[in-house]
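Trainee: The structure file final.tsv (TSV, C-alpha atoms and all ligand atoms) is provided below.
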```
chain	number	residue	atom	x	y	z
A	70	MET	CA	112.41	99.86	92.97
A	71	GLU	CA	112.55	103.63	93.26
A	72	HIS	CA	110.73	105.02	96.28
A	73	ASN	CA	110.18	108.26	98.18
A	74	GLY	CA	111.72	107.26	101.51
A	75	ILE	CA	108.45	106.27	103.15
A	76	LEU	CA	107.64	102.64	103.95
A	77	ALA	CA	103.97	101.88	104.71
A	78	LEU	CA	103.20	98.41	106.02
A	79	PHE	CA	99.52	97.51	105.87
A	80	ASP	CA	97.50	94.94	107.74
A	81	ILE	CA	94.74	93.31	105.66
A	82	ASP	CA	91.64	92.29	107.68
A	83	GLY	CA	89.79	95.20	109.21
A	84	THR	CA	92.27	97.64	107.66
A	85	LEU	CA	92.07	97.21	103.88
A	86	VAL	CA	89.15	94.79	103.62
A	87	ASN	CA	86.39	93.33	105.72
A	88	GLY	CA	84.42	90.12	105.60
A	89	ALA	CA	86.37	86.87	105.33
A	90	ARG	CA	83.81	84.09	105.49
A	91	CYS	CA	85.90	81.73	103.39
A	92	HIS	CA	88.96	82.30	105.57
A	93	TYR	CA	86.92	81.45	108.65
A	94	GLN	CA	85.55	78.36	106.91
A	95	ALA	CA	89.11	77.30	106.01
A	96	PHE	CA	89.92	77.18	109.74
A	97	VAL	CA	86.80	75.19	110.55
A	98	GLU	CA	87.29	72.67	107.73
A	99	SER	CA	91.01	72.10	108.36
A	100	ILE	CA	90.55	71.64	112.08
A	101	LYS	CA	87.76	69.17	111.40
A	102	LYS	CA	89.87	67.26	108.87
A	103	PHE	CA	93.09	67.03	110.89
A	104	TYR	CA	91.88	67.04	114.47
A	105	GLY	CA	88.33	65.74	114.16
A	106	PHE	CA	87.24	68.74	116.16
A	107	GLU	CA	83.97	70.48	115.31
A	108	GLU	CA	83.49	72.96	118.08
A	109	ASP	CA	81.99	76.35	117.25
A	110	ILE	CA	85.01	78.62	117.10
A	111	SER	CA	83.19	81.83	116.31
A	112	GLY	CA	83.45	83.07	119.89
A	113	ILE	CA	87.21	83.57	119.71
A	114	ASN	CA	88.62	87.05	119.27
A	115	TYR	CA	90.77	86.73	116.15
A	116	ALA	CA	91.52	90.40	115.67
A	117	GLY	CA	95.19	91.05	115.07
A	118	LYS	CA	96.19	87.45	115.67
A	119	THR	CA	98.17	85.38	113.19
A	120	ASP	CA	96.65	82.31	111.52
A	121	PRO	CA	99.00	79.86	113.31
A	122	GLN	CA	98.28	81.65	116.59
A	123	ILE	CA	94.51	81.31	116.10
A	124	LEU	CA	94.84	77.68	115.09
A	125	ARG	CA	96.89	76.86	118.18
A	126	GLU	CA	94.51	78.73	120.46
A	127	VAL	CA	91.48	76.87	119.12
A	128	LEU	CA	93.21	73.51	119.54
A	129	GLU	CA	94.39	74.33	123.04
A	130	LEU	CA	90.85	75.31	123.97
A	131	GLY	CA	89.76	71.97	122.52
A	132	GLY	CA	92.05	70.23	125.00
A	133	PHE	CA	94.70	69.01	122.55
A	134	THR	CA	98.19	68.46	123.93
A	135	GLU	CA	101.22	70.20	122.46
A	136	GLU	CA	102.31	66.92	120.93
A	137	GLU	CA	98.92	66.32	119.32
A	138	ILE	CA	98.83	69.87	117.99
A	139	GLU	CA	102.35	69.66	116.54
A	140	ALA	CA	101.70	66.31	114.81
A	141	SER	CA	99.35	67.85	112.22
A	142	PHE	CA	100.06	71.57	112.58
A	143	LYS	CA	101.89	72.04	109.26
A	144	SER	CA	99.56	69.79	107.26
A	145	CYS	CA	96.57	71.58	108.74
A	146	GLN	CA	97.87	74.98	107.58
A	147	LYS	CA	98.67	73.56	104.17
A	148	TYR	CA	95.10	72.32	103.90
A	149	MET	CA	93.76	75.70	105.00
A	150	VAL	CA	95.51	77.27	102.01
A	151	HIS	CA	94.27	74.52	99.70
A	152	TYR	CA	90.70	74.92	100.95
A	153	TYR	CA	90.85	78.70	100.71
A	154	LEU	CA	92.16	78.80	97.16
A	155	LYS	CA	89.63	76.19	96.06
A	156	ASN	CA	86.74	78.11	97.61
A	157	ILE	CA	87.95	81.65	96.98
A	158	TYR	CA	84.92	82.28	94.76
A	159	LYS	CA	82.84	82.13	97.94
A	160	GLU	CA	84.95	84.72	99.73
A	161	ASN	CA	82.93	87.82	100.58
A	162	VAL	CA	85.70	90.37	101.16
A	163	MET	CA	85.06	94.00	100.33
A	164	ALA	CA	87.54	96.86	100.14
A	165	LEU	CA	87.05	99.28	103.00
A	166	GLY	CA	86.16	102.89	102.19
A	167	GLY	CA	88.96	104.99	100.75
A	168	THR	CA	91.50	102.17	100.56
A	169	ALA	CA	91.57	101.82	96.75
A	170	GLU	CA	92.10	105.55	96.28
A	171	LEU	CA	94.70	105.70	99.04
A	172	LEU	CA	96.75	102.79	97.69
A	173	SER	CA	96.70	104.23	94.15
A	174	GLU	CA	97.81	107.60	95.46
A	175	LEU	CA	100.61	106.09	97.56
A	176	GLN	CA	101.80	104.09	94.59
A	177	LYS	CA	101.83	107.24	92.47
A	178	ASP	CA	103.84	109.00	95.19
A	179	LYS	CA	106.33	106.10	95.15
A	180	THR	CA	105.72	105.19	98.76
A	181	LEU	CA	107.10	101.70	99.31
A	182	LEU	CA	104.16	99.45	100.20
A	183	GLY	CA	104.32	96.18	102.10
A	184	LEU	CA	102.12	93.93	104.18
A	185	VAL	CA	102.15	92.85	107.80
A	186	THR	CA	99.35	90.33	108.15
A	187	GLY	CA	98.65	87.26	110.21
A	188	ASN	CA	97.16	85.61	107.11
A	189	LEU	CA	99.08	82.72	105.61
A	190	LYS	CA	100.82	84.17	102.53
A	191	PRO	CA	98.79	82.49	99.74
A	192	ILE	CA	95.56	83.39	101.58
A	193	ALA	CA	96.69	87.00	101.94
A	194	TYR	CA	97.36	87.42	98.23
A	195	ALA	CA	94.24	85.55	97.12
A	196	LYS	CA	92.12	87.66	99.48
A	197	LEU	CA	93.67	90.90	98.22
A	198	GLY	CA	93.24	89.64	94.65
A	199	LYS	CA	89.47	89.56	95.21
A	200	VAL	CA	89.50	93.35	95.50
A	201	GLY	CA	92.36	94.00	93.06
A	202	PHE	CA	94.89	95.02	95.74
A	203	ASP	CA	97.41	92.18	95.37
A	204	ASP	CA	99.65	94.04	92.93
A	205	PHE	CA	100.17	96.95	95.31
A	206	PHE	CA	102.20	94.79	97.69
A	207	PRO	CA	105.38	93.18	96.40
A	208	PHE	CA	106.44	91.84	99.81
A	209	GLY	CA	105.48	91.50	103.44
A	210	GLY	CA	105.53	89.56	106.68
A	211	PHE	CA	102.86	86.84	106.84
A	212	GLY	CA	101.38	84.32	109.23
A	213	SER	CA	103.36	81.74	107.27
A	214	ASP	CA	106.57	83.33	108.59
A	215	SER	CA	105.77	83.24	112.30
A	216	ALA	CA	102.93	83.02	114.80
A	217	ASP	CA	104.35	86.12	116.51
A	218	ARG	CA	103.14	89.31	114.86
A	219	SER	CA	106.20	91.35	115.82
A	220	GLN	CA	108.33	88.88	113.85
A	221	LEU	CA	106.20	89.69	110.81
A	222	VAL	CA	106.98	93.37	111.20
A	223	LYS	CA	110.68	92.50	111.45
A	224	LYS	CA	110.49	90.35	108.32
A	225	ALA	CA	108.72	93.05	106.29
A	226	VAL	CA	111.30	95.68	107.28
A	227	TYR	CA	114.12	93.24	106.55
A	228	LEU	CA	112.76	92.60	103.04
A	229	ALA	CA	112.26	96.33	102.40
A	230	LYS	CA	115.87	97.00	103.27
A	231	ASN	CA	117.45	93.97	101.66
A	232	GLU	CA	115.35	93.45	98.56
A	233	TYR	CA	113.87	96.89	97.86
A	234	ASN	CA	116.82	99.09	98.82
A	235	TYR	CA	114.87	100.88	101.51
A	236	GLU	CA	117.20	103.06	103.55
A	237	GLY	CA	114.85	105.59	105.16
A	238	ASP	CA	113.46	105.70	108.68
A	239	SER	CA	109.89	106.79	107.94
A	240	ILE	CA	108.35	103.41	108.58
A	241	PHE	CA	104.66	103.18	109.41
A	242	VAL	CA	102.58	100.18	110.39
A	243	ILE	CA	98.89	100.63	109.61
A	244	GLY	CA	96.46	98.29	111.32
A	245	ASP	CA	93.13	98.00	113.08
A	246	THR	CA	93.99	96.42	116.45
A	247	PRO	CA	96.17	97.01	119.51
A	248	ARG	CA	98.11	93.92	118.40
A	249	ASP	CA	99.20	95.69	115.21
A	250	VAL	CA	100.32	98.67	117.28
A	251	HIS	CA	102.20	96.63	119.87
A	252	ALA	CA	103.99	94.55	117.21
A	253	ALA	CA	105.25	97.77	115.59
A	254	GLN	CA	106.26	99.32	118.91
A	255	VAL	CA	108.68	96.45	119.52
A	256	TYR	CA	110.78	98.01	116.74
A	257	LYS	CA	109.89	101.61	117.62
A	258	LEU	CA	108.05	102.11	114.34
A	259	LYS	CA	105.30	104.67	113.85
A	260	THR	CA	101.74	103.43	113.95
A	261	ILE	CA	98.47	104.46	112.37
A	262	ALA	CA	95.48	102.66	113.84
A	263	VAL	CA	92.16	102.68	112.00
A	264	ALA	CA	88.84	101.96	113.67
A	265	THR	CA	87.40	100.01	110.73
A	266	GLY	CA	87.89	96.64	112.43
A	267	SER	CA	86.59	95.58	115.81
A	268	TYR	CA	88.20	98.34	117.93
A	269	SER	CA	86.91	101.86	118.49
A	270	VAL	CA	88.89	105.07	118.09
A	271	GLU	CA	89.01	105.36	121.87
A	272	GLU	CA	90.34	101.81	122.36
A	273	LEU	CA	93.01	102.41	119.74
A	274	GLU	CA	94.02	105.70	121.35
A	275	ASN	CA	94.35	103.91	124.67
A	276	CYS	CA	96.73	101.32	123.22
A	277	GLY	CA	99.32	103.96	122.39
A	278	ALA	CA	98.97	104.30	118.61
A	279	ASP	CA	100.72	107.41	117.29
A	280	HIS	CA	97.80	108.29	115.06
A	281	VAL	CA	94.22	107.05	115.19
A	282	LEU	CA	91.75	107.47	112.34
A	283	ALA	CA	88.10	106.48	112.14
A	284	ASP	CA	88.77	105.11	108.64
A	285	LEU	CA	91.01	105.60	105.60
A	286	ASN	CA	88.54	107.73	103.63
A	287	ASP	CA	90.55	110.93	103.90
A	288	LYS	CA	93.61	110.06	101.84
A	289	GLU	CA	95.11	113.55	102.14
A	290	LYS	CA	95.11	113.18	105.89
A	291	VAL	CA	96.86	109.79	105.74
A	292	ILE	CA	99.45	111.12	103.31
A	293	LYS	CA	100.07	114.10	105.57
A	294	ILE	CA	100.74	111.77	108.49
A	295	LEU	CA	103.09	109.62	106.40
A	296	ASN	CA	105.02	112.74	105.43
A	297	SER	CA	105.12	114.15	108.95
A	298	GLN	CA	108.27	112.35	110.12
B	301	MG	MG	93.44	93.35	111.19
```
Go ahead and express the file in the form of C-alpha cells.
Ligand SMILES: [Mg+2]

Mentor:
Amino acid sequence: MEHNGILALFDIDGTLVNGARCHYQAFVESIKKFYGFEEDISGINYAGKTDPQILREVLELGGFTEEEIEASFKSCQKYMVHYYLKNIYKENVMALGGTAELLSELQKDKTLLGLVTGNLKPIAYAKLGKVGFDDFFPFGGFGSDSADRSQLVKKAVYLAKNEYNYEGDSIFVIGDTPRDVHAAQVYKLKTIAVATGSYSVEELENCGADHVLADLNDKEKVIKILNSQ
C-alpha cells in the first residue's frame, strides 16, 4: 500500500465515536453467564482500558480468585464478541464531530491509518462498521492481542512496518485518555489527545500529550500537526 510517510494510529471510543451501550451490555451479559456475577459495573472507569483489562478488574472487584478468573476468561471474551455481533443493531455509537471528514482527507493524502484500541477485534470492526469507518483501517492493535495497551501500540507499529511497508518515523497515536498517551510514550511516539471522551483539555495537557485538541473538527489543524514532524 502506497503511503505518504505518516502513520496515524487511532483509538476508537471517545476519539472516533461515542456511545457504546451494546459493548457495555456485552460485558454485563458475559460476566453474568460465565461467573454468575450481576453486580452493577457502571461505576468503573473504563476510559483507555482494554477489554480484557476491564473484565479482569470487574472480576477482581467481585472477589474472584486468579484461578477462577482464568478458568472462563477466554470463553467469556468469546461470548462477549458473540453477544455484541448478535446485538449490534442495538448499538448506539455515533461518529464524533469532524471524524468522517478527517479520515476521508487522510485517506486521500495517503496517510497510513491503523487502530490502537482496547476493544476486542471483532467488536472494534463491528462498532466502526456502524458509522462506516471500518474500511479506513486495514490493521491495528486490539484488546484481543493483549490486556496491556502499550503492547497494542507495538503490535500496530509492527504490522505497519511488516505488512504495509511503513518505513517512516512520523508515527502518531491519537486518543482521548492519558492511557492512550502513556502507551504511546513507551515507544517514544508522538501523541495527539482529544478531549471528546471523559478527559478535559487540561487533564490531557497535564498527562504529557504532545498536542491536545478539544475535538477533531478542524481537520486542517490535525493534518498540520501530522505533517509537523
Ligand atoms: Mg478511548

Trainee: Residues of chain A within 7 Å of ligand MG 301 (chain B): nearest atom pair and distance (Å, one decimal) for each, counting only C-alpha atoms and all ligand atoms, sorted by chain and number, as CSV?

Mentor:
```
residue,atom,partner,partner_atom,distance
A:Asp80,CA,B:MG301,MG,5.6
A:Ile81,CA,B:MG301,MG,5.7
A:Asp82,CA,B:MG301,MG,4.1
A:Gly83,CA,B:MG301,MG,4.5
A:Thr84,CA,B:MG301,MG,5.7
A:Ala116,CA,B:MG301,MG,5.7
A:Gly117,CA,B:MG301,MG,4.8
A:Gly244,CA,B:MG301,MG,5.8
A:Asp245,CA,B:MG301,MG,5.0
A:Thr246,CA,B:MG301,MG,6.1
A:Gly266,CA,B:MG301,MG,6.6
```

Trainee: Excluding Ala95 (chain A) and any residue of its chain fewer than 6 positions from it, enumerate the residues within 7 Å of it, using all atoms listed in the file, and give them as a ChimeraX atom specification.

Mentor: /A:149,152-153

Trainee: Which of these residues is nearest to His280 (chain A), using all atoms listed in the file: A:Leu295, A:Ile261, A:Leu154, A:Val127?

Mentor: A:Ile261

Trainee: Per residue of region 208-290 of chain A within 8 Å of region 156-177 of chain A, what are the shortest atom pair and its distance in Å to one decimal, counting all atoms listed in the file, with rows by chain and residue number, as CSV?

Mentor:
```
residue,atom,partner,partner_atom,distance
A:Thr265,CA,A:Leu165,CA,7.8
A:Asp284,CA,A:Gly166,CA,7.3
A:Leu285,CA,A:Gly167,CA,5.3
A:Asn286,CA,A:Gly167,CA,4.0
A:Asp287,CA,A:Gly167,CA,6.9
A:Lys288,CA,A:Leu171,CA,5.3
```

Trainee: Please return as a ChimeraX atom specification every residue within 7 Å of (94.8, 67.2, 108.9), taking into account only C-alpha atoms and the file's own coordinates.

Mentor: /A:99-100,102-104,141,144-145

Trainee: Give me the residues within 9 Å of Glu107 (chain A) as a PDB file with C-alpha atoms, in the coordinates of the input, counting only C-alpha atoms and dropping any in the same chain fewer than 5 places off.

Mentor:
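Final file, out.pdb:
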```
ATOM      1  CA  VAL A  97      86.800  75.190 110.550  1.00  0.00           C
ATOM      2  CA  GLU A  98      87.290  72.670 107.730  1.00  0.00           C
ATOM      3  CA  ILE A 100      90.550  71.640 112.080  1.00  0.00           C
ATOM      4  CA  LYS A 101      87.760  69.170 111.400  1.00  0.00           C
TER       5      LYS A 101
END
```

Trainee: Would you please work out which residue, of A:Leu184, A:Gly212, A:Asp178, A:Glu135, is nearest to Ile123 (chain A) when using only C-alpha atoms?

Mentor: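 With only C-alpha atoms as the atom set, the closest residue is A:Gly212.
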
Trainee: Under the rule that only C-alpha atoms are counted, which of A:Asn234, A:Ser297, A:Asn188, A:Gln254 is the nearest residue to His92 (chain A)?

Mentor: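 Nearest to His92 (chain A): A:Asn188.
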
Trainee: Work out how far CA of Ala253 (chain A) is from CA of Leu130 (chain A), in Å to one decimal.

Mentor: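 We find that CA of Leu130 (chain A) and CA of Ala253 (chain A) lie 28.0 Å from each other.
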
Trainee: From the list A:Gly88, A:Gly277, A:Ser267, A:Phe79, which residue is nearest Ile243 (chain A) when using only C-alpha atoms?

Mentor: A:Phe79

Trainee: For Pro207 (chain A), which residue among A:Leu273, A:Val255, A:Leu221, A:Leu228 is the nearest when counting only C-alpha atoms?

Mentor: A:Leu228

Trainee: Go through A:Gly209, A:Asp279, A:Tyr148, A:Leu258 and flag the residue nearest Gly237 (chain A), using only C-alpha atoms for the distances.

Mentor: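 Looking only at the distances to Gly237 (chain A), the closest residue turns out to be A:Leu258.
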
Trainee: Suppose you want the space between CA of Ala229 (chain A) and CA of Glu71 (chain A); what is it in Å?

Mentor: 11.7 Å

Trainee: Determine, counting all atoms listed in the file, every residue of protein, DNA or RNA that lies within 6 Å of (102.8, 100.6, 101.8) in the file coordinates, then give the result as an MDAnalysis selection string.

Mentor: chainID A and resid 76:78 181:183
